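Structure file upload.pdb; described as PDB, C-alpha atoms and all ligand atoms.
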ATOM      1  CA  MET M 146      -4.748   8.205 -22.126
ATOM      2  CA  THR M 147      -5.920   4.665 -22.807
ATOM      3  CA  LEU M 148      -5.869   1.996 -20.156
ATOM      4  CA  GLY M 149      -3.055   0.264 -22.049
ATOM      5  CA  ASN M 150      -0.855   3.370 -21.902
ATOM      6  CA  LEU M 151      -1.657   3.865 -18.249
ATOM      7  CA  ARG M 152      -0.548   0.322 -17.530
ATOM      8  CA  ASP M 153       2.690   0.934 -19.455
ATOM      9  CA  LEU M 154       3.336   4.024 -17.371
ATOM     10  CA  TYR M 155       2.895   2.089 -14.130
ATOM     11  CA  GLN M 156       5.187  -0.594 -15.421
ATOM     12  CA  GLN M 157       7.816   1.982 -16.319
ATOM     13  CA  VAL M 158       7.805   3.548 -12.838
ATOM     14  CA  ILE M 159       7.997   0.138 -11.185
ATOM     15  CA  LEU M 160      10.933  -0.946 -13.354
ATOM     16  CA  GLU M 161      12.740   2.353 -12.796
ATOM     17  CA  ARG M 162      12.440   2.004  -9.014
ATOM     18  CA  TYR M 163      13.549  -1.601  -9.193
ATOM     19  CA  LYS M 164      16.674  -0.761 -11.174
ATOM     20  CA  LYS M 165      17.534   2.482  -9.374
ATOM     21  CA  PRO M 166      16.047   2.487  -5.881
ATOM     22  CA  LYS M 167      16.443   5.755  -3.972
ATOM     23  CA  HIS M 168      16.011   4.425  -0.443
ATOM     24  CA  LYS M 169      18.016   1.226  -0.347
ATOM     25  CA  GLY M 170      20.340   0.780   2.625
ATOM     26  CA  VAL M 171      20.230   0.965   6.418
ATOM     27  CA  THR M 172      19.221   3.967   8.541
ATOM     28  CA  HIS M 173      21.675   5.571  10.984
ATOM     29  CA  PRO M 174      20.870   4.926  13.728
ATOM     30  CA  VAL M 175      18.526   1.925  13.570
ATOM     31  CA  HIS M 176      15.617   2.289  16.028
ATOM     32  CA  ARG M 177      13.416  -0.422  14.546
ATOM     33  CA  GLN M 178      14.354  -3.307  12.312
ATOM     34  CA  GLN M 179      12.264  -6.049  10.808
ATOM     35  CA  ARG M 180      12.746  -8.753   8.213
ATOM     36  CA  GLY M 181       9.898  -9.989   6.084
ATOM     37  CA  HIS M 182       9.471 -12.883   3.709
ATOM     38  CA  ASN M 183       6.938 -13.652   1.003
ATOM     39  CA  PRO M 184       7.221 -17.423   0.430
ATOM     40  CA  SER M 185       4.841 -17.442  -2.559
ATOM     41  CA  CYS M 186       7.324 -15.431  -4.658
ATOM     42  CA  GLY M 187      10.564 -15.669  -2.674
ATOM     43  CA  ASP M 188      10.826 -11.952  -1.894
ATOM     44  CA  THR M 189      12.754 -11.050   1.252
ATOM     45  CA  ILE M 190      13.038  -7.615   2.765
ATOM     46  CA  GLU M 191      14.650  -5.928   5.717
ATOM     47  CA  ILE M 192      13.258  -2.602   6.858
ATOM     48  CA  THR M 193      15.155  -0.241   9.141
ATOM     49  CA  ILE M 194      13.609   2.829  10.713
ATOM     50  CA  GLN M 195      15.065   5.915  12.349
ATOM     51  CA  LEU M 196      12.535   7.496  14.704
ATOM     52  CA  SER M 197      12.350  11.023  16.089
ATOM     53  CA  GLU M 198      13.581  11.653  19.632
ATOM     54  CA  SER M 199      10.027  11.393  20.977
ATOM     55  CA  GLY M 200       9.574   8.138  19.053
ATOM     56  CA  ASP M 201       6.307   9.155  17.400
ATOM     57  CA  ARG M 202       7.648  10.239  14.030
ATOM     58  CA  ILE M 203       9.583   8.478  11.276
ATOM     59  CA  GLU M 204      12.760  10.364  10.419
ATOM     60  CA  ASP M 205      13.951   7.876   7.832
ATOM     61  CA  VAL M 206      13.115   4.440   6.417
ATOM     62  CA  LYS M 207      15.402   2.278   4.317
ATOM     63  CA  PHE M 208      15.209  -1.212   2.943
ATOM     64  CA  GLU M 209      17.463  -4.033   1.876
ATOM     65  CA  GLY M 210      16.202  -7.102   0.134
ATOM     66  CA  GLU M 211      15.946  -9.323  -2.846
ATOM     67  CA  GLY M 212      12.949 -10.160  -4.899
ATOM     68  CA  CYS M 213      10.823  -9.263  -7.853
ATOM     69  CA  ALA M 214      10.425  -5.786  -9.327
ATOM     70  CA  ILE M 215       7.039  -5.265  -7.679
ATOM     71  CA  ALA M 216       8.317  -6.073  -4.176
ATOM     72  CA  MET M 217      11.403  -3.879  -4.502
ATOM     73  CA  ALA M 218       9.628  -0.956  -6.178
ATOM     74  CA  SER M 219       6.904  -1.082  -3.539
ATOM     75  CA  ALA M 220       9.530  -0.875  -0.770
ATOM     76  CA  ASP M 221      11.268   2.075  -2.391
ATOM     77  CA  LEU M 222       8.032   4.009  -2.927
ATOM     78  CA  MET M 223       6.915   3.244   0.624
ATOM     79  CA  ALA M 224      10.198   4.467   2.113
ATOM     80  CA  GLU M 225       9.870   7.722   0.210
ATOM     81  CA  ALA M 226       6.250   8.241   1.243
ATOM     82  CA  LEU M 227       6.877   7.586   4.943
ATOM     83  CA  ARG M 228       9.786   9.938   5.619
ATOM     84  CA  GLY M 229       8.695  12.560   8.130
ATOM     85  CA  LYS M 230       5.323  10.925   8.811
ATOM     86  CA  ALA M 231       3.906  10.415  12.303
ATOM     87  CA  THR M 232       3.936   6.724  13.222
ATOM     88  CA  ASP M 233       0.123   6.616  13.605
ATOM     89  CA  GLU M 234      -0.248   8.176  10.163
ATOM     90  CA  ALA M 235       2.180   5.572   8.780
ATOM     91  CA  LEU M 236       0.033   2.789  10.250
ATOM     92  CA  SER M 237      -3.090   4.231   8.652
ATOM     93  CA  MET M 238      -1.196   4.327   5.338
ATOM     94  CA  VAL M 239      -0.501   0.586   5.770
ATOM     95  CA  GLN M 240      -4.255   0.049   5.986
ATOM     96  CA  ARG M 241      -4.902   2.330   3.032
ATOM     97  CA  PHE M 242      -2.382   0.429   0.913
ATOM     98  CA  GLN M 243      -3.963  -2.902   1.843
ATOM     99  CA  ASN M 244      -7.381  -1.508   0.945
ATOM    100  CA  MET M 245      -6.049  -0.266  -2.394
ATOM    101  CA  MET M 246      -4.753  -3.781  -3.135
ATOM    102  CA  GLN M 247      -8.298  -5.055  -2.512
ATOM    103  CA  GLY M 248      -9.539  -2.533  -5.069
ATOM    104  CA  ASN M 249     -10.896  -0.115  -2.448
ATOM    105  CA  GLY M 250      -9.716   3.461  -2.855
ATOM    106  CA  ASP M 251      -6.302   5.019  -3.399
ATOM    107  CA  PHE M 252      -3.958   7.654  -1.925
ATOM    108  CA  PRO M 253      -4.641  11.391  -1.853
ATOM    109  CA  ILE M 254      -2.705  13.774  -4.068
ATOM    110  CA  GLU M 255       0.241  14.319  -1.651
ATOM    111  CA  GLN M 256       0.955  10.590  -1.734
ATOM    112  CA  ARG M 257      -0.207   9.876  -5.275
ATOM    113  CA  LYS M 258       3.107   8.226  -6.262
ATOM    114  CA  LEU M 259       1.938   5.201  -4.277
ATOM    115  CA  ASN M 260      -0.988   4.862  -6.677
ATOM    116  CA  VAL M 261       1.341   3.452  -9.346
ATOM    117  CA  MET M 262       1.056   0.199  -7.374
ATOM    118  CA  GLN M 263      -2.699   0.203  -7.891
ATOM    119  CA  GLY M 264      -2.359  -1.794 -11.129
ATOM    120  CA  VAL M 265      -1.011  -4.720  -9.083
ATOM    121  CA  SER M 266      -4.474  -5.231  -7.563
ATOM    122  CA  GLN M 267      -5.513  -6.666 -10.936
ATOM    123  CA  PHE M 268      -3.013  -9.508 -10.468
ATOM    124  CA  PRO M 269      -3.987 -11.348  -7.270
ATOM    125  CA  VAL M 270      -0.852 -13.522  -7.202
ATOM    126  CA  ARG M 271       1.346 -10.403  -7.063
ATOM    127  CA  ILE M 272      -0.522  -8.593  -4.299
ATOM    128  CA  LYS M 273       1.644 -10.226  -1.623
ATOM    129  CA  CYS M 274       4.726  -8.917  -3.425
ATOM    130  CA  ALA M 275       3.420  -5.348  -3.169
ATOM    131  CA  THR M 276       2.183  -5.622   0.428
ATOM    132  CA  LEU M 277       5.261  -7.388   1.880
ATOM    133  CA  THR M 278       7.078  -4.126   2.595
ATOM    134  CA  TRP M 279       4.011  -2.572   4.296
ATOM    135  CA  HIS M 280       3.372  -5.722   6.305
ATOM    136  CA  THR M 281       7.004  -5.707   7.454
ATOM    137  CA  LEU M 282       6.934  -2.005   8.269
ATOM    138  CA  LYS M 283       3.814  -2.464  10.398
ATOM    139  CA  ALA M 284       5.509  -5.209  12.409
ATOM    140  CA  ALA M 285       8.571  -2.971  12.871
ATOM    141  CA  LEU M 286       6.514   0.000  14.077
ATOM    142  CA  GLU M 287       4.393  -2.089  16.419
ATOM    143  CA  ALA M 288       7.424  -3.659  18.082
ATOM    144  CA  PRO M 289       8.024  -1.909  21.426
ATOM    145  CA  THR M 290      11.795  -2.017  20.959
ATOM    146  CA  LEU M 291      14.402  -3.005  18.418
ATOM    147  CA  ALA M 292      13.656  -6.588  17.326
ATOM    148  CA  LYS M 293      16.339  -9.241  17.230
ATOM    149  CA  PRO M 294      17.760  -9.245  13.704
ATOM    150  CA  GLU M 295      17.065 -12.947  13.173
ATOM    151  CA  ALA M 296      13.320 -12.558  13.783
ATOM    152  CA  PHE M 297      11.183 -12.164  10.694
ATOM    153  CA  VAL M 298       7.553 -11.981   9.710
ATOM    154  CA  SER M 299       5.946 -13.960   6.927
ATOM    155  CA  ASN M 300       2.925 -12.773   5.012
ATOM    156  CA  GLU M 301       1.656 -16.286   4.351
TER
HETATM  157 ZN    ZN D   1       7.459 -10.941  -5.677
END
Output the structure of this file as structure tokens.
Ligand code: ZN
Amino acid sequence: MTLGNLRDLYQQVILERYKKPKHKGVTHPVHRQQRGHNPSCGDTIEITIQLSESGDRIEDVKFEGEGCAIAMASADLMAEALRGKATDEALSMVQRFQNMMQGNGDFPIEQRKLNVMQGVSQFPVRIKCATLTWHTLKAALEAPTLAKPEAFVSNE
């Protein structure tokens, strides 16, 4: 497969997720909630998380938001990858994603779907679009309790 074809494939997955997201909505119940904003593109996102009873595992993640295809596809792929993950594992995945955007490494085979975002690292102005959802998730997980809905994080 040539590099050109590979790039087309990535683009196709991103557009598919943008048009038909699988994890859009709000979790029931909401244990953590965080809004995020990427001023450089105008993307906004709201992440909701349902935690396990012990609070150390993610039962479900959903997102609402508006923005470009990269931001929305990234949120949908992230939500899928994080279901059932321990919260500390989720936080290490945030770091791994940020590293991947800097061109350092990628995800192992069980989470390889996230690697479709790897192509974004070649377009520095779009990196914030891809990382917004992870940045917002991190803030949600690190909050000790449910944040006030009007609070939001910015990745600027
Ligand atoms: Zn964007």
| Near range 173-177 of chain M, counting all atoms listed in the file, which residues have an atom at most 10 Å away, once you skip same-chain residues fewer than 2 positions from it, shown as number ranges by chain? | M: 170-171, 179, 192-197, 200, 203, 205-207, 282, 284-294
| So which residues are close to (12.7, -2.1, -6.0), meaning at most 10 Å away in the file's coordinates with all atoms listed in the file counted, and can you show them as a PyMOL selection string? | chain M and resi 159-169+208-222
Write as a CSV table (one decimal) with C-alpha atoms, in the frame of the given file the residues around ligand ZN 1 (chain D), taking 9 Å as the cut-off and counting all atoms listed in the file.
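What follows is the written file pocket-v8.csv:
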chain,number,residue,atom,x,y,z
M,183,ASN,CA,6.9,-13.7,1.0
M,184,PRO,CA,7.2,-17.4,0.4
M,185,SER,CA,4.8,-17.4,-2.6
M,186,CYS,CA,7.3,-15.4,-4.7
M,187,GLY,CA,10.6,-15.7,-2.7
M,188,ASP,CA,10.8,-12.0,-1.9
M,189,THR,CA,12.8,-11.0,1.3
M,212,GLY,CA,12.9,-10.2,-4.9
M,213,CYS,CA,10.8,-9.3,-7.9
M,214,ALA,CA,10.4,-5.8,-9.3
M,215,ILE,CA,7.0,-5.3,-7.7
M,216,ALA,CA,8.3,-6.1,-4.2
M,217,MET,CA,11.4,-3.9,-4.5
M,270,VAL,CA,-0.9,-13.5,-7.2
M,271,ARG,CA,1.3,-10.4,-7.1
M,272,ILE,CA,-0.5,-8.6,-4.3
M,273,LYS,CA,1.6,-10.2,-1.6
M,274,CYS,CA,4.7,-8.9,-3.4
M,275,ALA,CA,3.4,-5.3,-3.2
M,277,LEU,CA,5.3,-7.4,1.9
| request: Tell me which residues the PyMOL selection byres (((chain M and resi 245) around 12) and not hetatm) grabs here, as a ChimeraX atom specification. | output: /M:238-244,246-253,259-267,272,275-276
| field | Nearest to Glu234 in chain M by atom-to-atom distance, counting all atoms listed in the file, from M:Ile254, M:Lys283, M:Val158, M:Ser199 | value |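 Answer, going by the shortest atom-to-atom distance: M:Lys283.
Reported to one decimal place, the separation of CA of Phe268 in chain M from CA of His182 in chain M is 19.2 Å.
Between CA of His280 in chain M and CA of Val298 in chain M there is a distance of 8.3 Å.
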| task | Check what the PyMOL selection byres (((chain M and resi 231) around 8) and not hetatm) selects in the file above and give those residues as a ChimeraX atom specification. | result | /M:201-203,229-230,232-235
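Going from CA of Gln256 in chain M to CA of Glu198 in chain M covers 24.8 Å.
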Padding of 8 Å on every side, edges along x, y and z, all listed atoms of range 232-239 of chain M included: what centre and edge lengths in Å, to one decimal, does that box have, as AutoDock Vina command-line options?
--center_x 0.4 --center_y 4.4 --center_z 9.5 --size_x 23.0 --size_y 23.6 --size_z 24.3
| task | Identify which of the residues M:Ile190, M:Trp279, M:Arg180, M:Tyr155 lies closest to Ser237 in chain M, counting all atoms listed in the file when measuring atom-to-atom distances. | result |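 Among the listed residues, the smallest separation from Ser237 in chain M belongs to M:Trp279.
Distances to Asn300 in chain M were evaluated for M:Gln157, M:Thr278, M:Glu191, M:Glu204 using only C-alpha atoms, and the minimum falls at M:Thr278.
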